[in-house]
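Notes to accompany the following structure.
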Amino acid sequence: MKKTILFLLITIQFAFAQDKVVRMGIVGMTHDHVFQILNNVKHDGVEVVGFAEPDKALAMKYFAKYKLPESLWYASLDEMLEKAKPEAVCDFRSIIEHLETVQKCAPKGVHVMVEKPLAVNLAAAKQMETLAKKHNIQLLTNYETTWYASNHEAYKMINEDHAIGDIRKIVIHDGHSGPKEIGVTKTFMDWLGDPVKNGGGAIIDFGCYGADIMSWIMKGERPTSVTAITQTIKPDMYPKVDDEATIIVTYPKAQGIFQASWNWPFDRKDAEFYGKTGYIIADRSLQMRVRKGNRNAPPEEKVEIKPLASPMNDPFSYFAAVVRGKVKSENDLGSLKINMVAMEILDAAVKSSKARKTIELK
């Protein structure tokens with residue numbers, strides 16, 4: 001009888017722990033993607049307990065605009081960790097600072113989600129991976145394209161339904177007219193155009209989407225080679241970094257091509273998946289173009305897809321669900337496993353573009 005009562009108490013406590021909202025802190029406000037949380041601090045499963053931003057004037061400007069209390073401001077990550085005691089932290093700083101966030105959070109058992117990509121280079125990513133595993137924390141990477149229902153439906157059709165046969169080529173387009181042209185904030189541009197703080201220009205900013213999606217579709221398989229070509233078409237706008245990049249990755253029986261640009265007339269984030277027996281063309285909409293069969297198959301059809309359900313449709317609710325163990329993230333688009341492969345691709349791409357040669361991965 002006592003064992004039964006004890007089991008019931010443990011079960012109740014576990015269920016209660018799973019249902020508790022996650023105390024979430026925000027570190028940095030220089031990345032314009034911070035507007036995702038400023039626009040709405042209320043997300044299922046989340047309680048925002050603080051913003052750590054050393055530039056108080058910047059923080060107060062945003063606090064006033066979004067009607068947030070000054071009590072949520074902390075001058076540093078260290079102060080927020082000590083006083084607000086978050087269980088999880090979202091990083092909206094420069095990419096080079098992601099490592100520092102993990103260095104400070106991991107030993108305290110605080111989970112981390114960074115904005116894409118995972119790290120400024122592969123060496124930093126490996127340090128972050130080691131810390132995350134040593135201290136048993138979740139370390140996720142947030143991409144806008146993770147929340148596109150079309151990408152998840154394409155994955156299902158390719159890897160579960162085998163609807164288009166074995167993958168032969170994936171072509172991924174990510175770009176816009178340029179960060180300055182679309183009006184990003186000065187605080188964002190100050191590091192986005194810095195090759196040290198950002199790791200590169202368009203090759204990092206937009207090439208990372210392709211590296212992530214390709215690694216996910218290929219179930220974490222490492223490519224055999226990476227080749228990248230970069231240009232700076234607008235040196236007056238972006239004197240220190242590339243604004244145009246093409247990355248080619250090869251596998252034993254497949255290729256990936258990632259087109260990353262700060263020069264396109266329109267915003268674009270879409271992908272083309274070509275298999276042995278068909279293709280899928282997907283963008284951010286809830287409709288995909290699909291053609292299956294041989295060369296005499298019927299014309300392509302438009303396939304309607306359902307929106308993603310909570311928590312899979314929101315980065316912050318998803319992060320909270322992963323922290324609480326409600327969602328297993330090991331092989332997801334934002335997972336550490338997939339993003340370590342994506343970082344290997346990005347790191348090799350930067351090296352390839354500088355050396356003007358193909359990088360063979362061993």
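By convention here, the chains of the structure tokens are called A, B, ... in the order presented, each chain's residues are numbered starting at 1, and ligands are numbered starting at 1 in the order presented.
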
If DSSP is run on the backbone, what residues of segment 91-131 of chain A are alpha helix (DSSP H)? A reply as a PDB file with all heavy atoms, in the first residue's frame would be ideal.
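Result written to part_11.pdb:
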```
ATOM      1  N   HIS A  98      27.398  33.501 -28.821  1.00  0.00           N
ATOM      2  CA  HIS A  98      26.649  32.293 -28.454  1.00  0.00           C
ATOM      3  C   HIS A  98      27.462  31.393 -27.525  1.00  0.00           C
ATOM      4  O   HIS A  98      26.929  30.798 -26.591  1.00  0.00           O
ATOM      5  CB  HIS A  98      26.250  31.507 -29.706  1.00  0.00           C
ATOM      6  CG  HIS A  98      25.215  32.180 -30.543  1.00  0.00           C
ATOM      7  ND1 HIS A  98      24.737  31.641 -31.724  1.00  0.00           N
ATOM      8  CD2 HIS A  98      24.550  33.348 -30.385  1.00  0.00           C
ATOM      9  CE1 HIS A  98      23.837  32.452 -32.254  1.00  0.00           C
ATOM     10  NE2 HIS A  98      23.706  33.490 -31.455  1.00  0.00           N
ATOM     11  N   LEU A  99      28.746  31.278 -27.813  1.00  0.00           N
ATOM     12  CA  LEU A  99      29.612  30.423 -26.989  1.00  0.00           C
ATOM     13  C   LEU A  99      29.626  30.906 -25.548  1.00  0.00           C
ATOM     14  O   LEU A  99      29.492  30.104 -24.611  1.00  0.00           O
ATOM     15  CB  LEU A  99      31.030  30.408 -27.562  1.00  0.00           C
ATOM     16  CG  LEU A  99      32.097  29.697 -26.716  1.00  0.00           C
ATOM     17  CD1 LEU A  99      31.732  28.255 -26.458  1.00  0.00           C
ATOM     18  CD2 LEU A  99      33.475  29.797 -27.409  1.00  0.00           C
ATOM     19  N   GLU A 100      29.760  32.205 -25.336  1.00  0.00           N
ATOM     20  CA  GLU A 100      29.782  32.751 -23.977  1.00  0.00           C
ATOM     21  C   GLU A 100      28.476  32.446 -23.240  1.00  0.00           C
ATOM     22  O   GLU A 100      28.485  32.117 -22.044  1.00  0.00           O
ATOM     23  CB  GLU A 100      29.998  34.260 -24.014  1.00  0.00           C
ATOM     24  CG  GLU A 100      30.045  34.888 -22.626  1.00  0.00           C
ATOM     25  CD  GLU A 100      30.035  36.404 -22.648  1.00  0.00           C
ATOM     26  OE1 GLU A 100      29.211  36.987 -23.379  1.00  0.00           O
ATOM     27  OE2 GLU A 100      30.840  37.000 -21.925  1.00  0.00           O
ATOM     28  N   THR A 101      27.364  32.537 -23.957  1.00  0.00           N
ATOM     29  CA  THR A 101      26.072  32.247 -23.327  1.00  0.00           C
ATOM     30  C   THR A 101      26.041  30.818 -22.810  1.00  0.00           C
ATOM     31  O   THR A 101      25.621  30.563 -21.666  1.00  0.00           O
ATOM     32  CB  THR A 101      24.926  32.472 -24.335  1.00  0.00           C
ATOM     33  OG1 THR A 101      24.900  33.852 -24.712  1.00  0.00           O
ATOM     34  CG2 THR A 101      23.582  32.101 -23.721  1.00  0.00           C
ATOM     35  N   VAL A 102      26.504  29.884 -23.605  1.00  0.00           N
ATOM     36  CA  VAL A 102      26.519  28.479 -23.180  1.00  0.00           C
ATOM     37  C   VAL A 102      27.536  28.265 -22.065  1.00  0.00           C
ATOM     38  O   VAL A 102      27.292  27.516 -21.111  1.00  0.00           O
ATOM     39  CB  VAL A 102      26.796  27.550 -24.368  1.00  0.00           C
ATOM     40  CG1 VAL A 102      26.905  26.097 -23.918  1.00  0.00           C
ATOM     41  CG2 VAL A 102      25.689  27.692 -25.415  1.00  0.00           C
ATOM     42  N   GLN A 103      28.678  28.941 -22.146  1.00  0.00           N
ATOM     43  CA  GLN A 103      29.692  28.815 -21.096  1.00  0.00           C
ATOM     44  C   GLN A 103      29.155  29.240 -19.737  1.00  0.00           C
ATOM     45  O   GLN A 103      29.513  28.659 -18.705  1.00  0.00           O
ATOM     46  CB  GLN A 103      30.917  29.657 -21.455  1.00  0.00           C
ATOM     47  CG  GLN A 103      31.758  29.085 -22.585  1.00  0.00           C
ATOM     48  CD  GLN A 103      32.859  30.026 -23.040  1.00  0.00           C
ATOM     49  OE1 GLN A 103      32.723  31.250 -22.947  1.00  0.00           O
ATOM     50  NE2 GLN A 103      33.958  29.476 -23.531  1.00  0.00           N
ATOM     51  N   LYS A 104      28.290  30.243 -19.720  1.00  0.00           N
ATOM     52  CA  LYS A 104      27.753  30.741 -18.452  1.00  0.00           C
ATOM     53  C   LYS A 104      26.495  29.991 -18.008  1.00  0.00           C
ATOM     54  O   LYS A 104      26.253  29.844 -16.806  1.00  0.00           O
ATOM     55  CB  LYS A 104      27.448  32.238 -18.582  1.00  0.00           C
ATOM     56  CG  LYS A 104      28.713  33.083 -18.704  1.00  0.00           C
ATOM     57  CD  LYS A 104      28.423  34.568 -18.692  1.00  0.00           C
ATOM     58  CE  LYS A 104      29.725  35.368 -18.677  1.00  0.00           C
ATOM     59  NZ  LYS A 104      29.491  36.828 -18.608  1.00  0.00           N
ATOM     60  N   CYS A 105      25.707  29.526 -18.966  1.00  0.00           N
ATOM     61  CA  CYS A 105      24.436  28.879 -18.623  1.00  0.00           C
ATOM     62  C   CYS A 105      24.574  27.388 -18.330  1.00  0.00           C
ATOM     63  O   CYS A 105      23.960  26.872 -17.388  1.00  0.00           O
ATOM     64  CB  CYS A 105      23.429  29.079 -19.750  1.00  0.00           C
ATOM     65  SG  CYS A 105      22.823  30.767 -19.931  1.00  0.00           S
ATOM     66  N   LEU A 122      32.955  26.200 -36.536  1.00  0.00           N
ATOM     67  CA  LEU A 122      32.856  24.827 -36.026  1.00  0.00           C
ATOM     68  C   LEU A 122      33.583  24.652 -34.701  1.00  0.00           C
ATOM     69  O   LEU A 122      33.118  23.907 -33.828  1.00  0.00           O
ATOM     70  CB  LEU A 122      33.406  23.852 -37.066  1.00  0.00           C
ATOM     71  CG  LEU A 122      33.282  22.361 -36.735  1.00  0.00           C
ATOM     72  CD1 LEU A 122      31.825  21.962 -36.529  1.00  0.00           C
ATOM     73  CD2 LEU A 122      33.917  21.519 -37.841  1.00  0.00           C
ATOM     74  N   ALA A 123      34.700  25.330 -34.524  1.00  0.00           N
ATOM     75  CA  ALA A 123      35.450  25.213 -33.261  1.00  0.00           C
ATOM     76  C   ALA A 123      34.594  25.664 -32.078  1.00  0.00           C
ATOM     77  O   ALA A 123      34.553  25.002 -31.031  1.00  0.00           O
ATOM     78  CB  ALA A 123      36.738  26.029 -33.333  1.00  0.00           C
ATOM     79  N   ALA A 124      33.907  26.792 -32.239  1.00  0.00           N
ATOM     80  CA  ALA A 124      33.024  27.275 -31.175  1.00  0.00           C
ATOM     81  C   ALA A 124      31.859  26.314 -30.962  1.00  0.00           C
ATOM     82  O   ALA A 124      31.452  26.054 -29.824  1.00  0.00           O
ATOM     83  CB  ALA A 124      32.511  28.672 -31.528  1.00  0.00           C
ATOM     84  N   ALA A 125      31.313  25.786 -32.058  1.00  0.00           N
ATOM     85  CA  ALA A 125      30.197  24.840 -31.950  1.00  0.00           C
ATOM     86  C   ALA A 125      30.597  23.595 -31.160  1.00  0.00           C
ATOM     87  O   ALA A 125      29.820  23.083 -30.344  1.00  0.00           O
ATOM     88  CB  ALA A 125      29.719  24.449 -33.349  1.00  0.00           C
ATOM     89  N   LYS A 126      31.812  23.119 -31.381  1.00  0.00           N
ATOM     90  CA  LYS A 126      32.274  21.929 -30.664  1.00  0.00           C
ATOM     91  C   LYS A 126      32.405  22.211 -29.166  1.00  0.00           C
ATOM     92  O   LYS A 126      32.092  21.344 -28.335  1.00  0.00           O
ATOM     93  CB  LYS A 126      33.602  21.451 -31.246  1.00  0.00           C
ATOM     94  CG  LYS A 126      33.456  20.779 -32.599  1.00  0.00           C
ATOM     95  CD  LYS A 126      34.807  20.302 -33.138  1.00  0.00           C
ATOM     96  CE  LYS A 126      34.641  19.562 -34.457  1.00  0.00           C
ATOM     97  NZ  LYS A 126      35.955  19.115 -35.007  1.00  0.00           N
ATOM     98  N   GLN A 127      32.864  23.398 -28.811  1.00  0.00           N
ATOM     99  CA  GLN A 127      32.944  23.763 -27.393  1.00  0.00           C
ATOM    100  C   GLN A 127      31.549  23.810 -26.775  1.00  0.00           C
ATOM    101  O   GLN A 127      31.339  23.358 -25.640  1.00  0.00           O
ATOM    102  CB  GLN A 127      33.624  25.122 -27.234  1.00  0.00           C
ATOM    103  CG  GLN A 127      35.091  25.143 -27.595  1.00  0.00           C
ATOM    104  CD  GLN A 127      35.712  26.511 -27.371  1.00  0.00           C
ATOM    105  OE1 GLN A 127      35.772  27.010 -26.244  1.00  0.00           O
ATOM    106  NE2 GLN A 127      36.164  27.145 -28.441  1.00  0.00           N
ATOM    107  N   MET A 128      30.601  24.369 -27.513  1.00  0.00           N
ATOM    108  CA  MET A 128      29.222  24.449 -27.030  1.00  0.00           C
ATOM    109  C   MET A 128      28.616  23.058 -26.870  1.00  0.00           C
ATOM    110  O   MET A 128      27.929  22.767 -25.876  1.00  0.00           O
ATOM    111  CB  MET A 128      28.393  25.295 -27.993  1.00  0.00           C
ATOM    112  CG  MET A 128      28.803  26.764 -28.016  1.00  0.00           C
ATOM    113  SD  MET A 128      28.206  27.678 -29.459  1.00  0.00           S
ATOM    114  CE  MET A 128      26.436  27.716 -29.134  1.00  0.00           C
ATOM    115  N   GLU A 129      28.884  22.196 -27.833  1.00  0.00           N
ATOM    116  CA  GLU A 129      28.383  20.817 -27.764  1.00  0.00           C
ATOM    117  C   GLU A 129      28.930  20.094 -26.539  1.00  0.00           C
ATOM    118  O   GLU A 129      28.186  19.413 -25.810  1.00  0.00           O
ATOM    119  CB  GLU A 129      28.770  20.071 -29.037  1.00  0.00           C
ATOM    120  CG  GLU A 129      28.324  18.612 -29.051  1.00  0.00           C
ATOM    121  CD  GLU A 129      28.888  17.834 -30.225  1.00  0.00           C
ATOM    122  OE1 GLU A 129      30.065  18.080 -30.599  1.00  0.00           O
ATOM    123  OE2 GLU A 129      28.170  16.977 -30.775  1.00  0.00           O
ATOM    124  N   THR A 130      30.224  20.250 -26.292  1.00  0.00           N
ATOM    125  CA  THR A 130      30.857  19.597 -25.138  1.00  0.00           C
ATOM    126  C   THR A 130      30.231  20.063 -23.832  1.00  0.00           C
ATOM    127  O   THR A 130      29.928  19.253 -22.938  1.00  0.00           O
ATOM    128  CB  THR A 130      32.374  19.891 -25.132  1.00  0.00           C
ATOM    129  OG1 THR A 130      32.962  19.337 -26.315  1.00  0.00           O
ATOM    130  CG2 THR A 130      33.038  19.291 -23.903  1.00  0.00           C
ATOM    131  N   LEU A 131      30.015  21.365 -23.702  1.00  0.00           N
ATOM    132  CA  LEU A 131      29.406  21.915 -22.481  1.00  0.00           C
ATOM    133  C   LEU A 131      27.971  21.428 -22.303  1.00  0.00           C
ATOM    134  O   LEU A 131      27.548  21.090 -21.188  1.00  0.00           O
ATOM    135  CB  LEU A 131      29.440  23.441 -22.532  1.00  0.00           C
ATOM    136  CG  LEU A 131      30.799  24.091 -22.275  1.00  0.00           C
ATOM    137  CD1 LEU A 131      30.785  25.552 -22.713  1.00  0.00           C
ATOM    138  CD2 LEU A 131      31.165  23.976 -20.798  1.00  0.00           C
TER     139      LEU A 131
END
```

Using only C-alpha atoms, what table do you get, as a Markdown table, when you list each residue of segment 78-192 of chain A with an atom no more than 12 Å from segment 48-57 of chain A, its nearest pair of atoms, and their distance in Å rounded to one decimal, rows by chain then rising number?
```
| residue | atom | partner | partner_atom | distance |
| --- | --- | --- | --- | --- |
| A:Asp78 | CA | A:Ala52 | CA | 8.5 |
| A:Glu79 | CA | A:Ala52 | CA | 7.8 |
| A:Met80 | CA | A:Ala52 | CA | 6.1 |
| A:Leu81 | CA | A:Ala52 | CA | 9.1 |
| A:Glu82 | CA | A:Gly50 | CA | 11.2 |
| A:Lys83 | CA | A:Gly50 | CA | 9.3 |
| A:Ala84 | CA | A:Val49 | CA | 6.1 |
| A:Lys85 | CA | A:Val49 | CA | 8.1 |
| A:Pro86 | CA | A:Val49 | CA | 6.7 |
| A:Glu87 | CA | A:Val49 | CA | 9.7 |
| A:Ala88 | CA | A:Val48 | CA | 9.7 |
| A:Val89 | CA | A:Val48 | CA | 9.5 |
| A:Cys90 | CA | A:Phe51 | CA | 9.6 |
| A:Asp91 | CA | A:Ala52 | CA | 9.6 |
| A:Phe92 | CA | A:Glu53 | CA | 9.7 |
| A:Arg93 | CA | A:Glu53 | CA | 9.2 |
| A:Thr101 | CA | A:Ala52 | CA | 11.1 |
| A:Thr187 | CA | A:Asp55 | CA | 10.2 |
```

Could those selected residues go to a file with all heavy atoms, as a short mmCIF file (atom, residue, chain, number, x, y, z; two decimals), in the first residue's frame?
```cif
data_model
loop_
_atom_site.label_atom_id
_atom_site.label_comp_id
_atom_site.auth_asym_id
_atom_site.auth_seq_id
_atom_site.Cartn_x
_atom_site.Cartn_y
_atom_site.Cartn_z
N ASP A 78 25.04 37.51 -16.38
CA ASP A 78 25.38 37.04 -15.02
C ASP A 78 24.35 37.52 -14.01
O ASP A 78 23.89 36.75 -13.14
CB ASP A 78 26.76 37.53 -14.62
CG ASP A 78 27.87 36.86 -15.41
OD1 ASP A 78 27.76 35.65 -15.67
OD2 ASP A 78 28.84 37.55 -15.78
N GLU A 79 23.97 38.80 -14.10
CA GLU A 79 23.01 39.35 -13.16
C GLU A 79 21.65 38.69 -13.32
O GLU A 79 20.99 38.35 -12.32
CB GLU A 79 22.87 40.86 -13.35
CG GLU A 79 21.92 41.50 -12.33
CD GLU A 79 21.68 42.98 -12.58
OE1 GLU A 79 21.93 43.45 -13.71
OE2 GLU A 79 21.22 43.66 -11.65
N MET A 80 21.23 38.47 -14.56
CA MET A 80 19.93 37.84 -14.79
C MET A 80 19.91 36.41 -14.26
O MET A 80 18.94 35.96 -13.65
CB MET A 80 19.57 37.86 -16.27
CG MET A 80 18.17 37.29 -16.56
SD MET A 80 17.68 37.46 -18.30
CE MET A 80 18.77 36.23 -19.05
N LEU A 81 21.01 35.68 -14.49
CA LEU A 81 21.08 34.30 -13.99
C LEU A 81 21.00 34.26 -12.47
O LEU A 81 20.34 33.39 -11.89
CB LEU A 81 22.38 33.64 -14.47
CG LEU A 81 22.47 33.31 -15.97
CD1 LEU A 81 23.88 32.86 -16.33
CD2 LEU A 81 21.45 32.25 -16.37
N GLU A 82 21.66 35.22 -11.82
CA GLU A 82 21.69 35.24 -10.36
C GLU A 82 20.36 35.67 -9.75
O GLU A 82 19.87 35.05 -8.79
CB GLU A 82 22.80 36.18 -9.89
CG GLU A 82 22.89 36.28 -8.36
CD GLU A 82 23.91 37.32 -7.91
OE1 GLU A 82 24.67 37.83 -8.76
OE2 GLU A 82 23.93 37.63 -6.70
N LYS A 83 19.74 36.71 -10.32
CA LYS A 83 18.57 37.30 -9.69
C LYS A 83 17.24 36.76 -10.23
O LYS A 83 16.31 36.53 -9.46
CB LYS A 83 18.61 38.82 -9.84
CG LYS A 83 19.78 39.46 -9.09
CD LYS A 83 19.78 40.98 -9.26
CE LYS A 83 20.93 41.62 -8.50
NZ LYS A 83 20.96 43.10 -8.68
N ALA A 84 17.13 36.58 -11.53
CA ALA A 84 15.86 36.12 -12.11
C ALA A 84 15.75 34.61 -12.11
O ALA A 84 14.65 34.06 -12.17
CB ALA A 84 15.72 36.65 -13.54
N LYS A 85 16.88 33.94 -12.06
CA LYS A 85 16.95 32.47 -12.01
C LYS A 85 16.12 31.80 -13.12
O LYS A 85 15.22 31.00 -12.85
CB LYS A 85 16.52 31.96 -10.63
CG LYS A 85 17.37 32.52 -9.50
CD LYS A 85 17.14 31.80 -8.20
CE LYS A 85 17.96 32.42 -7.07
NZ LYS A 85 19.39 32.53 -7.36
N PRO A 86 16.43 32.10 -14.37
CA PRO A 86 15.72 31.43 -15.46
C PRO A 86 16.12 29.96 -15.56
O PRO A 86 17.24 29.58 -15.20
CB PRO A 86 16.18 32.20 -16.70
CG PRO A 86 17.54 32.71 -16.32
CD PRO A 86 17.46 33.03 -14.85
N GLU A 87 15.20 29.15 -16.04
CA GLU A 87 15.52 27.74 -16.32
C GLU A 87 16.06 27.58 -17.74
O GLU A 87 16.72 26.60 -18.05
CB GLU A 87 14.26 26.89 -16.19
CG GLU A 87 13.59 26.92 -14.85
CD GLU A 87 12.22 26.26 -14.91
OE1 GLU A 87 12.18 25.01 -14.92
OE2 GLU A 87 11.22 26.98 -14.97
N ALA A 88 15.73 28.56 -18.58
CA ALA A 88 16.12 28.50 -19.99
C ALA A 88 16.39 29.92 -20.48
O ALA A 88 15.80 30.87 -19.97
CB ALA A 88 15.01 27.86 -20.82
N VAL A 89 17.27 30.03 -21.45
CA VAL A 89 17.66 31.34 -21.98
C VAL A 89 17.63 31.31 -23.50
O VAL A 89 18.07 30.34 -24.12
CB VAL A 89 19.07 31.72 -21.48
CG1 VAL A 89 19.73 32.75 -22.37
CG2 VAL A 89 19.01 32.23 -20.05
N CYS A 90 17.10 32.38 -24.09
CA CYS A 90 17.13 32.56 -25.54
C CYS A 90 18.14 33.66 -25.87
O CYS A 90 18.07 34.75 -25.29
CB CYS A 90 15.75 32.96 -26.08
SG CYS A 90 14.47 31.75 -25.76
N ASP A 91 19.05 33.38 -26.79
CA ASP A 91 20.15 34.29 -27.10
C ASP A 91 19.84 35.12 -28.35
O ASP A 91 19.67 34.56 -29.43
CB ASP A 91 21.43 33.48 -27.31
CG ASP A 91 22.68 34.34 -27.35
OD1 ASP A 91 22.58 35.51 -27.76
OD2 ASP A 91 23.76 33.84 -26.97
N PHE A 92 19.80 36.45 -28.18
CA PHE A 92 19.59 37.37 -29.30
C PHE A 92 20.76 38.35 -29.39
O PHE A 92 20.57 39.56 -29.47
CB PHE A 92 18.27 38.11 -29.13
CG PHE A 92 17.06 37.23 -29.30
CD1 PHE A 92 16.41 36.69 -28.20
CD2 PHE A 92 16.57 36.94 -30.56
CE1 PHE A 92 15.31 35.87 -28.35
CE2 PHE A 92 15.46 36.13 -30.73
CZ PHE A 92 14.82 35.59 -29.63
N ARG A 93 21.97 37.81 -29.35
CA ARG A 93 23.17 38.62 -29.48
C ARG A 93 23.87 38.25 -30.79
O ARG A 93 23.34 37.52 -31.63
CB ARG A 93 24.11 38.37 -28.30
CG ARG A 93 23.45 38.65 -26.95
CD ARG A 93 24.47 38.74 -25.84
NE ARG A 93 25.07 37.44 -25.51
CZ ARG A 93 26.07 37.30 -24.65
NH1 ARG A 93 26.58 38.36 -24.05
NH2 ARG A 93 26.56 36.09 -24.39
N THR A 101 27.36 32.54 -23.96
CA THR A 101 26.07 32.25 -23.33
C THR A 101 26.04 30.82 -22.81
O THR A 101 25.62 30.56 -21.67
CB THR A 101 24.93 32.47 -24.33
OG1 THR A 101 24.90 33.85 -24.71
CG2 THR A 101 23.58 32.10 -23.72
N THR A 187 21.93 48.57 -34.51
CA THR A 187 22.56 47.66 -33.56
C THR A 187 22.71 46.26 -34.14
O THR A 187 23.65 45.54 -33.80
CB THR A 187 21.77 47.60 -32.25
OG1 THR A 187 20.39 47.32 -32.54
CG2 THR A 187 21.86 48.90 -31.48
#
```

Compare A:Met340, A:Leu68, A:Ile217, A:Leu139 by their minimum atom-to-atom distance to Gln255 of chain A, counting only C-alpha atoms, and give me the closest one.
A:Ile217

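Restricting the calculation to only C-alpha atoms, the smallest distance between Glu300 of chain A and any of A:Met60, A:Leu286, A:Ile280, A:Leu140 is found for A:Ile280.
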
Residues near segment 176-185 of chain A, anyone? I mean within 8 Å using only C-alpha atoms, not counting same-chain ones fewer than 5 positions away, as a VMD selection string.
chain A and resid 32 237 243 261 to 268

May I have the selected residues written with all heavy atoms, as a compact mmCIF listing (two decimals), in the first residue's frame?
```txt
# COMPACT_ATOMS: atom_id res chain seq x y z
N ASP A 32 17.66 41.60 -34.43
CA ASP A 32 16.28 42.04 -34.68
C ASP A 32 15.25 40.93 -34.51
O ASP A 32 14.06 41.21 -34.40
CB ASP A 32 16.17 42.65 -36.08
CG ASP A 32 16.73 44.07 -36.14
OD1 ASP A 32 17.24 44.54 -35.11
OD2 ASP A 32 16.67 44.69 -37.22
N MET A 237 27.95 49.04 -49.78
CA MET A 237 26.99 48.71 -48.73
C MET A 237 27.59 47.74 -47.71
O MET A 237 27.36 47.86 -46.51
CB MET A 237 25.73 48.10 -49.35
CG MET A 237 25.01 49.00 -50.33
SD MET A 237 24.08 50.31 -49.50
CE MET A 237 22.64 49.40 -48.95
N ASP A 243 27.94 39.41 -49.98
CA ASP A 243 26.49 39.62 -50.04
C ASP A 243 25.83 38.62 -51.00
O ASP A 243 24.61 38.67 -51.21
CB ASP A 243 26.13 41.06 -50.41
CG ASP A 243 26.73 41.53 -51.71
OD1 ASP A 243 26.96 40.70 -52.61
OD2 ASP A 243 26.97 42.75 -51.85
N SER A 261 21.44 35.08 -50.63
CA SER A 261 21.65 36.38 -51.28
C SER A 261 21.12 37.55 -50.48
O SER A 261 20.07 37.47 -49.84
CB SER A 261 20.95 36.37 -52.65
OG SER A 261 21.12 37.60 -53.31
N TRP A 262 21.86 38.65 -50.58
CA TRP A 262 21.41 39.96 -50.12
C TRP A 262 21.17 40.87 -51.32
O TRP A 262 21.28 42.08 -51.23
CB TRP A 262 22.45 40.59 -49.21
CG TRP A 262 22.58 39.98 -47.85
CD1 TRP A 262 21.79 39.02 -47.28
CD2 TRP A 262 23.57 40.30 -46.85
NE1 TRP A 262 22.22 38.72 -46.02
CE2 TRP A 262 23.32 39.50 -45.72
CE3 TRP A 262 24.64 41.19 -46.81
CZ2 TRP A 262 24.09 39.55 -44.56
CZ3 TRP A 262 25.41 41.25 -45.66
CH2 TRP A 262 25.15 40.45 -44.55
N ASN A 263 20.85 40.25 -52.47
CA ASN A 263 20.72 41.01 -53.71
C ASN A 263 19.42 40.77 -54.47
O ASN A 263 19.25 41.28 -55.57
CB ASN A 263 21.89 40.67 -54.65
CG ASN A 263 23.20 41.25 -54.18
OD1 ASN A 263 23.39 42.46 -54.21
ND2 ASN A 263 24.10 40.40 -53.70
N TRP A 264 18.51 40.01 -53.92
CA TRP A 264 17.30 39.67 -54.65
C TRP A 264 16.24 40.76 -54.50
O TRP A 264 16.15 41.40 -53.44
CB TRP A 264 16.74 38.33 -54.18
CG TRP A 264 17.63 37.18 -54.54
CD1 TRP A 264 18.67 37.20 -55.43
CD2 TRP A 264 17.57 35.86 -54.00
NE1 TRP A 264 19.26 35.95 -55.49
CE2 TRP A 264 18.62 35.11 -54.64
CE3 TRP A 264 16.76 35.22 -53.08
CZ2 TRP A 264 18.83 33.76 -54.36
CZ3 TRP A 264 16.98 33.88 -52.82
CH2 TRP A 264 18.00 33.16 -53.44
N PRO A 265 15.40 40.93 -55.51
CA PRO A 265 14.38 41.98 -55.43
C PRO A 265 13.25 41.66 -54.45
O PRO A 265 12.54 42.56 -54.01
CB PRO A 265 13.85 42.07 -56.87
CG PRO A 265 14.12 40.72 -57.45
CD PRO A 265 15.41 40.26 -56.82
N PHE A 266 13.10 40.37 -54.12
CA PHE A 266 12.01 39.97 -53.23
C PHE A 266 12.54 39.03 -52.15
O PHE A 266 13.53 38.32 -52.36
CB PHE A 266 10.90 39.24 -54.02
CG PHE A 266 10.40 40.01 -55.20
CD1 PHE A 266 10.74 39.62 -56.49
CD2 PHE A 266 9.59 41.12 -55.04
CE1 PHE A 266 10.29 40.32 -57.59
CE2 PHE A 266 9.13 41.83 -56.13
CZ PHE A 266 9.49 41.44 -57.41
N ASP A 267 11.88 39.02 -51.01
CA ASP A 267 12.20 38.04 -49.96
C ASP A 267 11.86 36.65 -50.48
O ASP A 267 10.81 36.45 -51.11
CB ASP A 267 11.38 38.32 -48.70
CG ASP A 267 11.75 39.63 -48.05
OD1 ASP A 267 12.61 40.34 -48.59
OD2 ASP A 267 11.16 39.95 -47.00
N ARG A 268 12.72 35.69 -50.17
CA ARG A 268 12.47 34.34 -50.66
C ARG A 268 13.06 33.31 -49.70
O ARG A 268 14.22 33.40 -49.32
CB ARG A 268 13.09 34.16 -52.05
CG ARG A 268 12.77 32.84 -52.70
CD ARG A 268 13.28 32.79 -54.14
NE ARG A 268 12.96 31.51 -54.74
CZ ARG A 268 13.32 31.13 -55.97
NH1 ARG A 268 14.00 31.98 -56.74
NH2 ARG A 268 13.01 29.94 -56.44
```

Tell me which protein, DNA and RNA residues are within 12 Å of segment 188-193 of chain A, counting only C-alpha atoms, leaving out same-chain ones fewer than 6 positions away, and put them as a PyMOL selection string.
chain A and resi 28-35+58+92-97+120+178-182+199-206+232+235-243+262

If you run DSSP on the backbone here, which positions in segment 72-159 of chain A get strand (DSSP E or B)? Please write them as a ChimeraX atom specification.
/A:73-74,88-91,111-115,139-142

Which residues are close to Ser335 of chain A, i.e. within 10 Å by only C-alpha atoms, leaving aside same-chain residues fewer than 2 positions away? Reply as number ranges by chain.
A: 113, 118, 138-142, 212, 216, 328-333, 337-340
